[in-house]
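Engineer: Please find one structure pasted underneath; my questions will follow.
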Amino acid sequence: MQPASNISQVVDPPWTRDSWRRHEAEQQPAFDDTIQLNEVVRELESKPPLVTPWEVDRLRGQLAGAAAGRRFLLQGGDCAELFSECRPDIISNRLKVLLQMSLVLVYGLRMPVIRVGRFAGQYAKPRSSDMEENNGEILPSYRGDIVNAPEFGRQARRPAPKRMIKAYEHSAMSLNYIRALGEGGFADLNHPENWDLGFVEHDGLRLEYQGIVDSILEALRFMEAVTSNPIGDIDRVSFYTSHEALLLPYEEAFTRISESSGQAYNLSTHFPWIGKRTNQIDGAHIEYIRGIRNPIGIKTGPGMTKALLLPLLDRVNPANESGKVTLITRFGASSIEKYLPPLLRAISASGHEVLWTCDPMHGNTEIVGAGIKTRRFKNILSELEQAFDIHADVGTILGGVHLELTGENVTECIGGARGLDEADLSRAYQSEVDPRLNGEQALELAFAIVRKRRAMRKEAS
Ligand code: PEP
Ligand code: CO
């Protein structure tokens with residue numbers, strides 16, 4: 001592993017898990033009770049972590065494989081988890097969608113898929129405005145369940161440090177169930193009916209999906225007959241967790257030193273990411289993230305230039321380790337063509353090791369009707385297809401996708417095989433923040449990715 005070439009290395013002052021406190025931190029709530037805030041952080045510091053350094057290291061290795069084109073990263077889940085949605089049906093439906101999508105991708109792309117959920121800790125949200133006005137009253141914006149409550153009321157919107165303890169507890173409850181489901185039975189490839197989503201009723205999708213399941217089962221039976229042994233290790237799957245590392249006191253409390261290596265890990269999640277609004281090179285979030293061993297994601301949107309990105313990568317990954325940094329691009333279908341190619345060329349020329357993934361959600365949000373936030377399936381698909389083409393043109397690898405989705409039968413995004421339109425949005429719109437793909441739309445996108453990759457391969461041969 002070599003440092004990236006021709007970039008001057010700036011020597012940073014020593015990192016500690018709280019050195020971020022000496023930097024400007026964007027998007028932090030205005031807690032009025034700092035004594036309680038400190039007590040909560042001390043309490044969380046004494047709690048068992050949610051993940052282990054070994055898992056984190058394994059994921060980093062797998063992400064290096066995705067950067068090299070040997071694996072594909074499927075990262076998806078809610079925009080914002082809610083404490084009230086820490087329920088068995090919601091958790092298992094979300095896993096079902098991710099399992100179905102990953103099956104389609106494994107089969108279609110012929111490579112292992114890394115499954116990472118935006119779950120078990122995705123409770124903090126950045127907001128474009130600190131305050132919200134309603135009927136003449138001005139209150140703090142909702143910043144995710146880890147900070148305050150979505151209802152518009154003085155008490156609900158007051159940032160309350162103790163909610164961090166609830167966030168930890170709900171993350172632990174979710175993860176416990178996710179791990180149990182992944183261990184067997186539910187995720188058994190011999191029994192894909194366990195992860196059938198009842199509401200995927202669109203004939204085309206259902207038939208296409210069933211065809212894949214049947215082919216896989218046939219192949220498994222064939223191998224078992226040939227080897228006279230059951231195929232091992234197909235009765236369980238692993239899921240990794242991810243969330244936006246936004247609320248820094250919480251992240252600090254779960255930053256632990258590994259006894260075996262002496263290195264710092266964020267053990268509240270496997271894969272923290274830094275959002276678009278907090279990726280300033282001299283800001284507190286980048287200061288925090290540069291010192292941990294976890295693989296990290298950095299959202300990259302309009303406004304990110306070569307001049308900003310190269311020093312940022314030197315700062316967070318000075319050893320230029322593969323698998324360490326994932327750049328999650330989110331430009332929007334109408335802007336990706338303008339912004340992505342120069343960044344890809346710059347990084348290729350500089351030699352920085354990164355995994356490129358595409359978030360086709362956050363650059364495609366629009367407001368329709370009476371202020372409803374939505375996204376059009378055709379724009380999501382268009383950004384994703386353009387991303388594949390642009391990477392192929394430049395000679396770089398698109399190694400994954402980052403999606404907002406749910407296993408619930410919501411109507412938050414327009415379009416897809418069922419042709420949801422503006423009028424459908426009010427029928428089952430549940431998100432407190434960004435609109436998510438429902439299970440059917442998510443599965444459809446997985447098929448579209450496979451189709452796109454196959455068409456590209458055919459063109460190249
Ligand atoms: C998000 O992922 O929910 C988000 C807010 O994204 P971004 O930082 O890319 O806007
Ligand atoms: Co979002």
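Ordering of the structure tokens sets the chain letters (A, B, ...); residue numbers start at 1 within each chain; ligands are numbered from 1 in the order shown.
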Return as number ranges by chain the full set of residues in stretch 318-460 of chain A whose backbone-based DSSP assignment is strand (DSSP E).
Structural biologist: A: 325-329, 355-358, 365-368, 372-375, 398-404
Engineer: Using only C-alpha atoms, which protein or nucleic acid residues come within 9 Å of A:Ser19? Drop anything in the same chain fewer than 6 positions from it, and give the result as JSON, numbers by chain.
Structural biologist: {"A": [284, 287, 288]}
Engineer: For the residues selected in the previous step, produce a file with C-alpha atoms as a compact mmCIF listing (two decimals), in the first residue's frame.
Structural biologist:
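Output saved as result-v3.txt:
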```
# COMPACT_ATOMS: atom_id res chain seq x y z
CA ALA A 284 -15.14 18.38 13.15
CA GLU A 287 -11.35 15.34 12.10
CA TYR A 288 -13.30 12.65 13.94
```
Engineer: Can you pull out the residues contacting stretch 40-55 of chain A? Cut-off 12 Å, using only C-alpha atoms, and skip same-chain residues under 6 positions away; I want them as a ChimeraX atom specification.
Structural biologist: /A:17-18,33-34,61-62,120-121,160-176,179,238-242,247-271,292-295
Engineer: Restricted to C-alpha atoms, what would the selected residues look like written as a PDB file, in the first residue's frame?
Structural biologist:
```pdb
ATOM      1  CA  ARG A  17     -11.438  10.481  19.980  1.00  0.00           C
ATOM      2  CA  ASP A  18     -12.415  13.969  21.132  1.00  0.00           C
ATOM      3  CA  ASP A  33     -28.279  20.978  29.250  1.00  0.00           C
ATOM      4  CA  THR A  34     -24.579  20.365  28.748  1.00  0.00           C
ATOM      5  CA  GLY A  61     -11.308  -6.112   3.298  1.00  0.00           C
ATOM      6  CA  GLN A  62     -14.511  -6.867   1.391  1.00  0.00           C
ATOM      7  CA  ALA A 120     -29.420  -0.267  13.690  1.00  0.00           C
ATOM      8  CA  GLY A 121     -28.318   3.310  14.334  1.00  0.00           C
ATOM      9  CA  ALA A 160     -32.750  15.901  24.675  1.00  0.00           C
ATOM     10  CA  PRO A 161     -29.392  14.195  25.372  1.00  0.00           C
ATOM     11  CA  LYS A 162     -31.094  11.174  26.956  1.00  0.00           C
ATOM     12  CA  ARG A 163     -32.464  10.224  23.548  1.00  0.00           C
ATOM     13  CA  MET A 164     -28.925   9.049  22.740  1.00  0.00           C
ATOM     14  CA  ILE A 165     -29.386   6.259  25.283  1.00  0.00           C
ATOM     15  CA  LYS A 166     -32.652   5.299  23.599  1.00  0.00           C
ATOM     16  CA  ALA A 167     -30.899   5.329  20.226  1.00  0.00           C
ATOM     17  CA  TYR A 168     -28.277   2.936  21.569  1.00  0.00           C
ATOM     18  CA  GLU A 169     -30.954   0.643  23.028  1.00  0.00           C
ATOM     19  CA  HIS A 170     -33.023   0.620  19.841  1.00  0.00           C
ATOM     20  CA  SER A 171     -29.910  -0.016  17.741  1.00  0.00           C
ATOM     21  CA  ALA A 172     -29.034  -2.961  19.996  1.00  0.00           C
ATOM     22  CA  MET A 173     -32.571  -4.392  19.814  1.00  0.00           C
ATOM     23  CA  SER A 174     -32.641  -4.070  16.021  1.00  0.00           C
ATOM     24  CA  LEU A 175     -29.193  -5.541  15.552  1.00  0.00           C
ATOM     25  CA  ASN A 176     -29.933  -8.449  17.858  1.00  0.00           C
ATOM     26  CA  ARG A 179     -28.190 -11.038  13.569  1.00  0.00           C
ATOM     27  CA  SER A 238     -24.217 -11.530   7.059  1.00  0.00           C
ATOM     28  CA  PHE A 239     -25.460  -7.995   7.178  1.00  0.00           C
ATOM     29  CA  TYR A 240     -23.287  -5.081   8.126  1.00  0.00           C
ATOM     30  CA  THR A 241     -24.634  -1.864   9.623  1.00  0.00           C
ATOM     31  CA  SER A 242     -24.052   1.735   8.648  1.00  0.00           C
ATOM     32  CA  LEU A 247     -23.977  13.438  16.169  1.00  0.00           C
ATOM     33  CA  LEU A 248     -20.385  13.520  17.316  1.00  0.00           C
ATOM     34  CA  PRO A 249     -20.787  13.117  21.111  1.00  0.00           C
ATOM     35  CA  TYR A 250     -22.542   9.796  20.409  1.00  0.00           C
ATOM     36  CA  GLU A 251     -19.852   8.635  17.983  1.00  0.00           C
ATOM     37  CA  GLU A 252     -17.165   9.645  20.477  1.00  0.00           C
ATOM     38  CA  ALA A 253     -18.774   7.543  23.215  1.00  0.00           C
ATOM     39  CA  PHE A 254     -18.528   4.422  21.047  1.00  0.00           C
ATOM     40  CA  THR A 255     -14.972   5.042  19.909  1.00  0.00           C
ATOM     41  CA  ARG A 256     -13.011   2.305  21.616  1.00  0.00           C
ATOM     42  CA  ILE A 257      -9.418   1.155  21.551  1.00  0.00           C
ATOM     43  CA  SER A 258      -8.937  -2.412  20.343  1.00  0.00           C
ATOM     44  CA  GLU A 259      -7.075  -4.444  22.940  1.00  0.00           C
ATOM     45  CA  SER A 260      -5.289  -6.478  20.321  1.00  0.00           C
ATOM     46  CA  SER A 261      -4.135  -3.719  17.986  1.00  0.00           C
ATOM     47  CA  GLY A 262      -4.280  -0.602  20.165  1.00  0.00           C
ATOM     48  CA  GLN A 263      -6.163   1.161  17.369  1.00  0.00           C
ATOM     49  CA  ALA A 264      -9.379   3.186  17.615  1.00  0.00           C
ATOM     50  CA  TYR A 265     -12.640   1.811  16.190  1.00  0.00           C
ATOM     51  CA  ASN A 266     -16.131   3.232  16.139  1.00  0.00           C
ATOM     52  CA  LEU A 267     -18.029   0.249  17.507  1.00  0.00           C
ATOM     53  CA  SER A 268     -21.545   1.669  17.192  1.00  0.00           C
ATOM     54  CA  THR A 269     -21.570   0.604  13.535  1.00  0.00           C
ATOM     55  CA  HIS A 270     -19.434  -1.185  10.984  1.00  0.00           C
ATOM     56  CA  PHE A 271     -19.498   1.519   8.355  1.00  0.00           C
ATOM     57  CA  ILE A 292     -10.802   5.437  13.306  1.00  0.00           C
ATOM     58  CA  ARG A 293     -10.023   2.103  11.648  1.00  0.00           C
ATOM     59  CA  ASN A 294     -13.547   1.606  10.267  1.00  0.00           C
ATOM     60  CA  PRO A 295     -14.110   1.831   6.556  1.00  0.00           C
TER      61      PRO A 295
END
```
Engineer: So, counting only C-alpha atoms and all ligand atoms, which residue among A:Arg418, A:Arg158, A:Arg427, A:Lys299 is closest to ligand 2?
Structural biologist: A:Lys299
Engineer: Select from chain A every residue with an atom at most 10 Å from any atom of ligand 1, then for each give the shortest pair of atoms and their distance in Å to one decimal, using only C-alpha atoms and all ligand atoms, rows by chain and rising number, as a Markdown table.
Structural biologist:
```
| residue | atom | partner | partner_atom_place_in_ligand_line | distance |
| --- | --- | --- | --- | --- |
| A:Gly76 | CA | ligand 1 | 2 (O) | 9.8 |
| A:Gly77 | CA | ligand 1 | 3 (O) | 9.8 |
| A:Asp78 | CA | ligand 1 | 3 (O) | 8.1 |
| A:Cys79 | CA | ligand 1 | 3 (O) | 4.7 |
| A:Ala80 | CA | ligand 1 | 3 (O) | 7.0 |
| A:Arg118 | CA | ligand 1 | 2 (O) | 8.9 |
| A:Gln122 | CA | ligand 1 | 3 (O) | 8.9 |
| A:Ala124 | CA | ligand 1 | 3 (O) | 9.1 |
| A:Lys125 | CA | ligand 1 | 5 (C) | 6.5 |
| A:Pro126 | CA | ligand 1 | 5 (C) | 6.0 |
| A:Arg127 | CA | ligand 1 | 5 (C) | 7.8 |
| A:Ser128 | CA | ligand 1 | 10 (O) | 9.5 |
| A:His243 | CA | ligand 1 | 2 (O) | 8.6 |
| A:Glu244 | CA | ligand 1 | 2 (O) | 7.1 |
| A:Leu246 | CA | ligand 1 | 8 (O) | 9.8 |
| A:Trp273 | CA | ligand 1 | 2 (O) | 8.7 |
| A:Ile274 | CA | ligand 1 | 8 (O) | 7.1 |
| A:Gly275 | CA | ligand 1 | 8 (O) | 3.5 |
| A:Lys276 | CA | ligand 1 | 8 (O) | 3.8 |
| A:Arg277 | CA | ligand 1 | 8 (O) | 5.8 |
| A:Thr278 | CA | ligand 1 | 8 (O) | 7.8 |
| A:Asn279 | CA | ligand 1 | 8 (O) | 8.9 |
| A:Ile298 | CA | ligand 1 | 8 (O) | 8.5 |
| A:Lys299 | CA | ligand 1 | 9 (O) | 5.2 |
| A:Thr300 | CA | ligand 1 | 9 (O) | 7.0 |
| A:Gly301 | CA | ligand 1 | 9 (O) | 6.9 |
| A:Ile328 | CA | ligand 1 | 9 (O) | 7.9 |
| A:Thr329 | CA | ligand 1 | 9 (O) | 7.9 |
| A:Arg330 | CA | ligand 1 | 9 (O) | 6.2 |
| A:Phe331 | CA | ligand 1 | 9 (O) | 8.8 |
| A:Asp359 | CA | ligand 1 | 9 (O) | 7.7 |
| A:Pro360 | CA | ligand 1 | 9 (O) | 9.6 |
| A:Met361 | CA | ligand 1 | 2 (O) | 8.3 |
| A:His362 | CA | ligand 1 | 9 (O) | 5.5 |
| A:Gly363 | CA | ligand 1 | 9 (O) | 7.6 |
| A:Thr365 | CA | ligand 1 | 10 (O) | 9.9 |
| A:His402 | CA | ligand 1 | 2 (O) | 8.5 |
| A:Leu403 | CA | ligand 1 | 2 (O) | 8.4 |
| A:Glu404 | CA | ligand 1 | 3 (O) | 7.7 |
| A:Val433 | CA | ligand 1 | 3 (O) | 8.3 |
| A:Asp434 | CA | ligand 1 | 3 (O) | 7.1 |
| A:Pro435 | CA | ligand 1 | 3 (O) | 10.0 |
```
Engineer: Could you save the residues just selected, with C-alpha atoms, as a JSON list (two decimals), in the first residue's frame?
Structural biologist:
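Below is the file result01.json, written as the result:
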```
[["chain", "number", "residue", "atom", "x", "y", "z"],
["A", 76, "GLY", "CA", -29.69, 0.44, 1.69],
["A", 77, "GLY", "CA", -32.33, 1.19, 4.25],
["A", 78, "ASP", "CA", -34.26, 4.03, 5.76],
["A", 79, "CYS", "CA", -33.43, 7.68, 5.37],
["A", 80, "ALA", "CA", -34.13, 7.94, 9.09],
["A", 118, "ARG", "CA", -28.74, 1.85, 6.74],
["A", 122, "GLN", "CA", -29.49, 5.55, 11.46],
["A", 124, "ALA", "CA", -29.43, 11.37, 13.22],
["A", 125, "LYS", "CA", -30.41, 13.68, 10.34],
["A", 126, "PRO", "CA", -28.78, 16.79, 8.90],
["A", 127, "ARG", "CA", -31.26, 19.57, 8.09],
["A", 128, "SER", "CA", -31.09, 22.47, 5.69],
["A", 243, "HIS", "CA", -25.24, 5.16, 9.69],
["A", 244, "GLU", "CA", -24.34, 8.77, 9.15],
["A", 246, "LEU", "CA", -23.37, 13.04, 12.45],
["A", 273, "TRP", "CA", -20.39, 7.75, 6.62],
["A", 274, "ILE", "CA", -20.00, 11.50, 6.48],
["A", 275, "GLY", "CA", -22.85, 13.38, 4.85],
["A", 276, "LYS", "CA", -22.65, 15.99, 2.15],
["A", 277, "ARG", "CA", -23.22, 18.84, 4.59],
["A", 278, "THR", "CA", -20.41, 17.87, 6.97],
["A", 279, "ASN", "CA", -17.53, 16.87, 4.68],
["A", 298, "ILE", "CA", -18.00, 10.20, 2.22],
["A", 299, "LYS", "CA", -20.99, 11.63, 0.38],
["A", 300, "THR", "CA", -19.84, 13.53, -2.67],
["A", 301, "GLY", "CA", -22.22, 15.92, -4.39],
["A", 328, "ILE", "CA", -20.73, 7.82, -2.43],
["A", 329, "THR", "CA", -21.62, 10.10, -5.34],
["A", 330, "ARG", "CA", -25.02, 11.81, -5.39],
["A", 331, "PHE", "CA", -25.27, 14.43, -8.07],
["A", 359, "ASP", "CA", -26.42, 7.13, -4.38],
["A", 360, "PRO", "CA", -29.07, 7.92, -7.00],
["A", 361, "MET", "CA", -31.53, 9.13, -4.36],
["A", 362, "HIS", "CA", -30.31, 12.37, -2.79],
["A", 363, "GLY", "CA", -29.66, 14.37, -5.94],
["A", 365, "THR", "CA", -35.41, 14.78, -4.56],
["A", 402, "HIS", "CA", -26.53, 3.35, -1.90],
["A", 403, "LEU", "CA", -30.33, 3.43, -1.68],
["A", 404, "GLU", "CA", -33.13, 4.59, 0.56],
["A", 433, "VAL", "CA", -37.74, 12.80, 5.95],
["A", 434, "ASP", "CA", -36.77, 11.48, 2.51],
["A", 435, "PRO", "CA", -38.97, 9.36, 0.19]]
```
Engineer: Report, in Å to a single decimal, how far apart atom CA of A:Ile114 and atom CA of A:Gly69 are.
Structural biologist: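 Between atom CA of A:Gly69 and atom CA of A:Ile114 the gap is 12.2 Å.
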Engineer: According to DSSP computed on the backbone, where in stretch 54-216 of chain A is there helix (DSSP H, G or I)? Give the residues as JSON, numbers by chain.
Structural biologist: {"A": [54, 55, 56, 57, 58, 59, 60, 61, 62, 63, 64, 65, 66, 67, 83, 84, 85, 88, 89, 90, 91, 92, 93, 94, 95, 96, 97, 98, 99, 100, 101, 102, 103, 104, 105, 106, 107, 108, 109, 154, 155, 156, 157, 163, 164, 165, 166, 167, 168, 169, 170, 171, 172, 173, 174, 175, 176, 177, 178, 179, 180, 181, 182, 192, 193, 194, 195, 203, 204, 205, 206, 207, 208, 209, 210, 211, 212, 213, 214, 215, 216]}
Engineer: One number please: atom CA of A:Lys458 to atom CA of A:Leu437, in Å, one decimal.
Structural biologist: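 Going from atom CA of A:Lys458 over to atom CA of A:Leu437 covers 29.0 Å.
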Engineer: Which polymer residues have any atom within 12 Å of an atom of A:Gly395, counting only C-alpha atoms, with same-chain residues fewer than 3 positions away left out, as an MDAnalysis selection string?
Structural biologist: chainID A and resid 68:69 341 344:345 347:349 387:392 398
Engineer: Produce a file of the selected residues containing N, CA, C and O atoms, as a PDB file, in the first residue's frame.
Structural biologist:
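See selection35.pdb below for the written result:
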```pdb
ATOM      1  N   ALA A  68     -11.973  -3.235  -6.348  1.00  0.00           N
ATOM      2  CA  ALA A  68     -11.232  -3.906  -7.423  1.00  0.00           C
ATOM      3  C   ALA A  68     -12.156  -4.603  -8.417  1.00  0.00           C
ATOM      4  O   ALA A  68     -11.698  -5.280  -9.337  1.00  0.00           O
ATOM      5  N   GLY A  69     -13.475  -4.494  -8.193  1.00  0.00           N
ATOM      6  CA  GLY A  69     -14.428  -5.085  -9.141  1.00  0.00           C
ATOM      7  C   GLY A  69     -14.719  -6.557  -8.890  1.00  0.00           C
ATOM      8  O   GLY A  69     -15.295  -7.235  -9.726  1.00  0.00           O
ATOM      9  N   PRO A 341     -17.290  12.959 -14.153  1.00  0.00           N
ATOM     10  CA  PRO A 341     -16.083  12.623 -14.922  1.00  0.00           C
ATOM     11  C   PRO A 341     -14.805  13.323 -14.441  1.00  0.00           C
ATOM     12  O   PRO A 341     -13.776  12.648 -14.281  1.00  0.00           O
ATOM     13  N   LEU A 344     -13.525  11.544 -11.336  1.00  0.00           N
ATOM     14  CA  LEU A 344     -12.980  10.205 -11.614  1.00  0.00           C
ATOM     15  C   LEU A 344     -11.591  10.316 -12.231  1.00  0.00           C
ATOM     16  O   LEU A 344     -10.660   9.602 -11.842  1.00  0.00           O
ATOM     17  N   ARG A 345     -11.458  11.264 -13.170  1.00  0.00           N
ATOM     18  CA  ARG A 345     -10.150  11.405 -13.832  1.00  0.00           C
ATOM     19  C   ARG A 345      -9.088  11.866 -12.829  1.00  0.00           C
ATOM     20  O   ARG A 345      -7.963  11.372 -12.821  1.00  0.00           O
ATOM     21  N   ILE A 347      -8.959  11.406  -9.603  1.00  0.00           N
ATOM     22  CA  ILE A 347      -8.584  10.368  -8.633  1.00  0.00           C
ATOM     23  C   ILE A 347      -7.774   9.272  -9.333  1.00  0.00           C
ATOM     24  O   ILE A 347      -6.824   8.730  -8.759  1.00  0.00           O
ATOM     25  N   SER A 348      -8.149   8.963 -10.569  1.00  0.00           N
ATOM     26  CA  SER A 348      -7.346   7.965 -11.295  1.00  0.00           C
ATOM     27  C   SER A 348      -5.915   8.447 -11.453  1.00  0.00           C
ATOM     28  O   SER A 348      -4.968   7.696 -11.256  1.00  0.00           O
ATOM     29  N   ALA A 349      -5.777   9.727 -11.794  1.00  0.00           N
ATOM     30  CA  ALA A 349      -4.430  10.262 -12.029  1.00  0.00           C
ATOM     31  C   ALA A 349      -3.636  10.342 -10.731  1.00  0.00           C
ATOM     32  O   ALA A 349      -2.422  10.139 -10.723  1.00  0.00           O
ATOM     33  N   ALA A 387     -24.126   6.607 -14.254  1.00  0.00           N
ATOM     34  CA  ALA A 387     -22.930   6.344 -13.447  1.00  0.00           C
ATOM     35  C   ALA A 387     -22.163   5.157 -14.028  1.00  0.00           C
ATOM     36  O   ALA A 387     -20.933   5.208 -14.169  1.00  0.00           O
ATOM     37  N   PHE A 388     -22.874   4.076 -14.376  1.00  0.00           N
ATOM     38  CA  PHE A 388     -22.192   2.917 -14.984  1.00  0.00           C
ATOM     39  C   PHE A 388     -21.466   3.332 -16.253  1.00  0.00           C
ATOM     40  O   PHE A 388     -20.306   2.969 -16.475  1.00  0.00           O
ATOM     41  N   ASP A 389     -22.143   4.106 -17.109  1.00  0.00           N
ATOM     42  CA  ASP A 389     -21.532   4.502 -18.384  1.00  0.00           C
ATOM     43  C   ASP A 389     -20.315   5.402 -18.170  1.00  0.00           C
ATOM     44  O   ASP A 389     -19.288   5.238 -18.824  1.00  0.00           O
ATOM     45  N   ILE A 390     -20.460   6.364 -17.272  1.00  0.00           N
ATOM     46  CA  ILE A 390     -19.363   7.320 -17.057  1.00  0.00           C
ATOM     47  C   ILE A 390     -18.132   6.589 -16.514  1.00  0.00           C
ATOM     48  O   ILE A 390     -17.007   6.811 -16.960  1.00  0.00           O
ATOM     49  N   HIS A 391     -18.347   5.689 -15.549  1.00  0.00           N
ATOM     50  CA  HIS A 391     -17.210   4.921 -15.018  1.00  0.00           C
ATOM     51  C   HIS A 391     -16.556   4.107 -16.136  1.00  0.00           C
ATOM     52  O   HIS A 391     -15.327   4.051 -16.228  1.00  0.00           O
ATOM     53  N   ALA A 392     -17.387   3.484 -16.971  1.00  0.00           N
ATOM     54  CA  ALA A 392     -16.812   2.666 -18.053  1.00  0.00           C
ATOM     55  C   ALA A 392     -15.998   3.536 -19.009  1.00  0.00           C
ATOM     56  O   ALA A 392     -14.899   3.159 -19.437  1.00  0.00           O
ATOM     57  N   LEU A 398     -17.520   1.191 -10.926  1.00  0.00           N
ATOM     58  CA  LEU A 398     -18.632   1.505 -10.033  1.00  0.00           C
ATOM     59  C   LEU A 398     -18.895   0.232  -9.218  1.00  0.00           C
ATOM     60  O   LEU A 398     -19.381  -0.754  -9.752  1.00  0.00           O
TER      61      LEU A 398
END
```
Engineer: Nearest to ligand 2 among A:Leu308, A:Glu208, A:Gly415, A:Glu81, with distances taken over only C-alpha atoms and all ligand atoms: which residue is it?
Structural biologist: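 Selected residue with least distance to ligand 2: A:Glu81.
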Engineer: Which polymer residues have any atom within 8 Å of an atom of A:Glu366, counting only C-alpha atoms, with same-chain residues fewer than 4 positions away left out, as a list in words?
Structural biologist: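 The neighbour list is Lys373, Thr374 and Arg375 of chain A.
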Engineer: Of the candidates A:Tyr123, A:Leu384, A:Ala428, A:Pro192, which shows the shortest atom-to-atom distance to ligand 2, using only C-alpha atoms and all ligand atoms?
Structural biologist: A:Tyr123
Engineer: My list of candidates is A:Asn364, A:Ser426, A:Ser382, A:Asn320. Which is closest to ligand 2 when distances are computed with only C-alpha atoms and all ligand atoms?
Structural biologist: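 The answer is A:Asn364, which sits nearest to ligand 2.
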Engineer: Residues near A:Arg154, anyone? I mean within 12 Å using only C-alpha atoms, not counting same-chain ones fewer than 5 positions away, as a PyMOL selection string.
Structural biologist: chain A and resi 131-134+137-142+148-149+159-160
Engineer: What separation in Å, quoted to one decimal, exists between atom CA of A:Met111 and atom CA of A:Ile178?
Structural biologist: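 Atom CA of A:Met111 sits 23.3 Å away from atom CA of A:Ile178.
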Engineer: Tell me which of A:Asn317, A:Ser129, A:Arg143, A:Asp282 sits closest to ligand 2, counting only C-alpha atoms and all ligand atoms.
Structural biologist: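 Looking at the shortest contact to ligand 2, the residue is A:Arg143.
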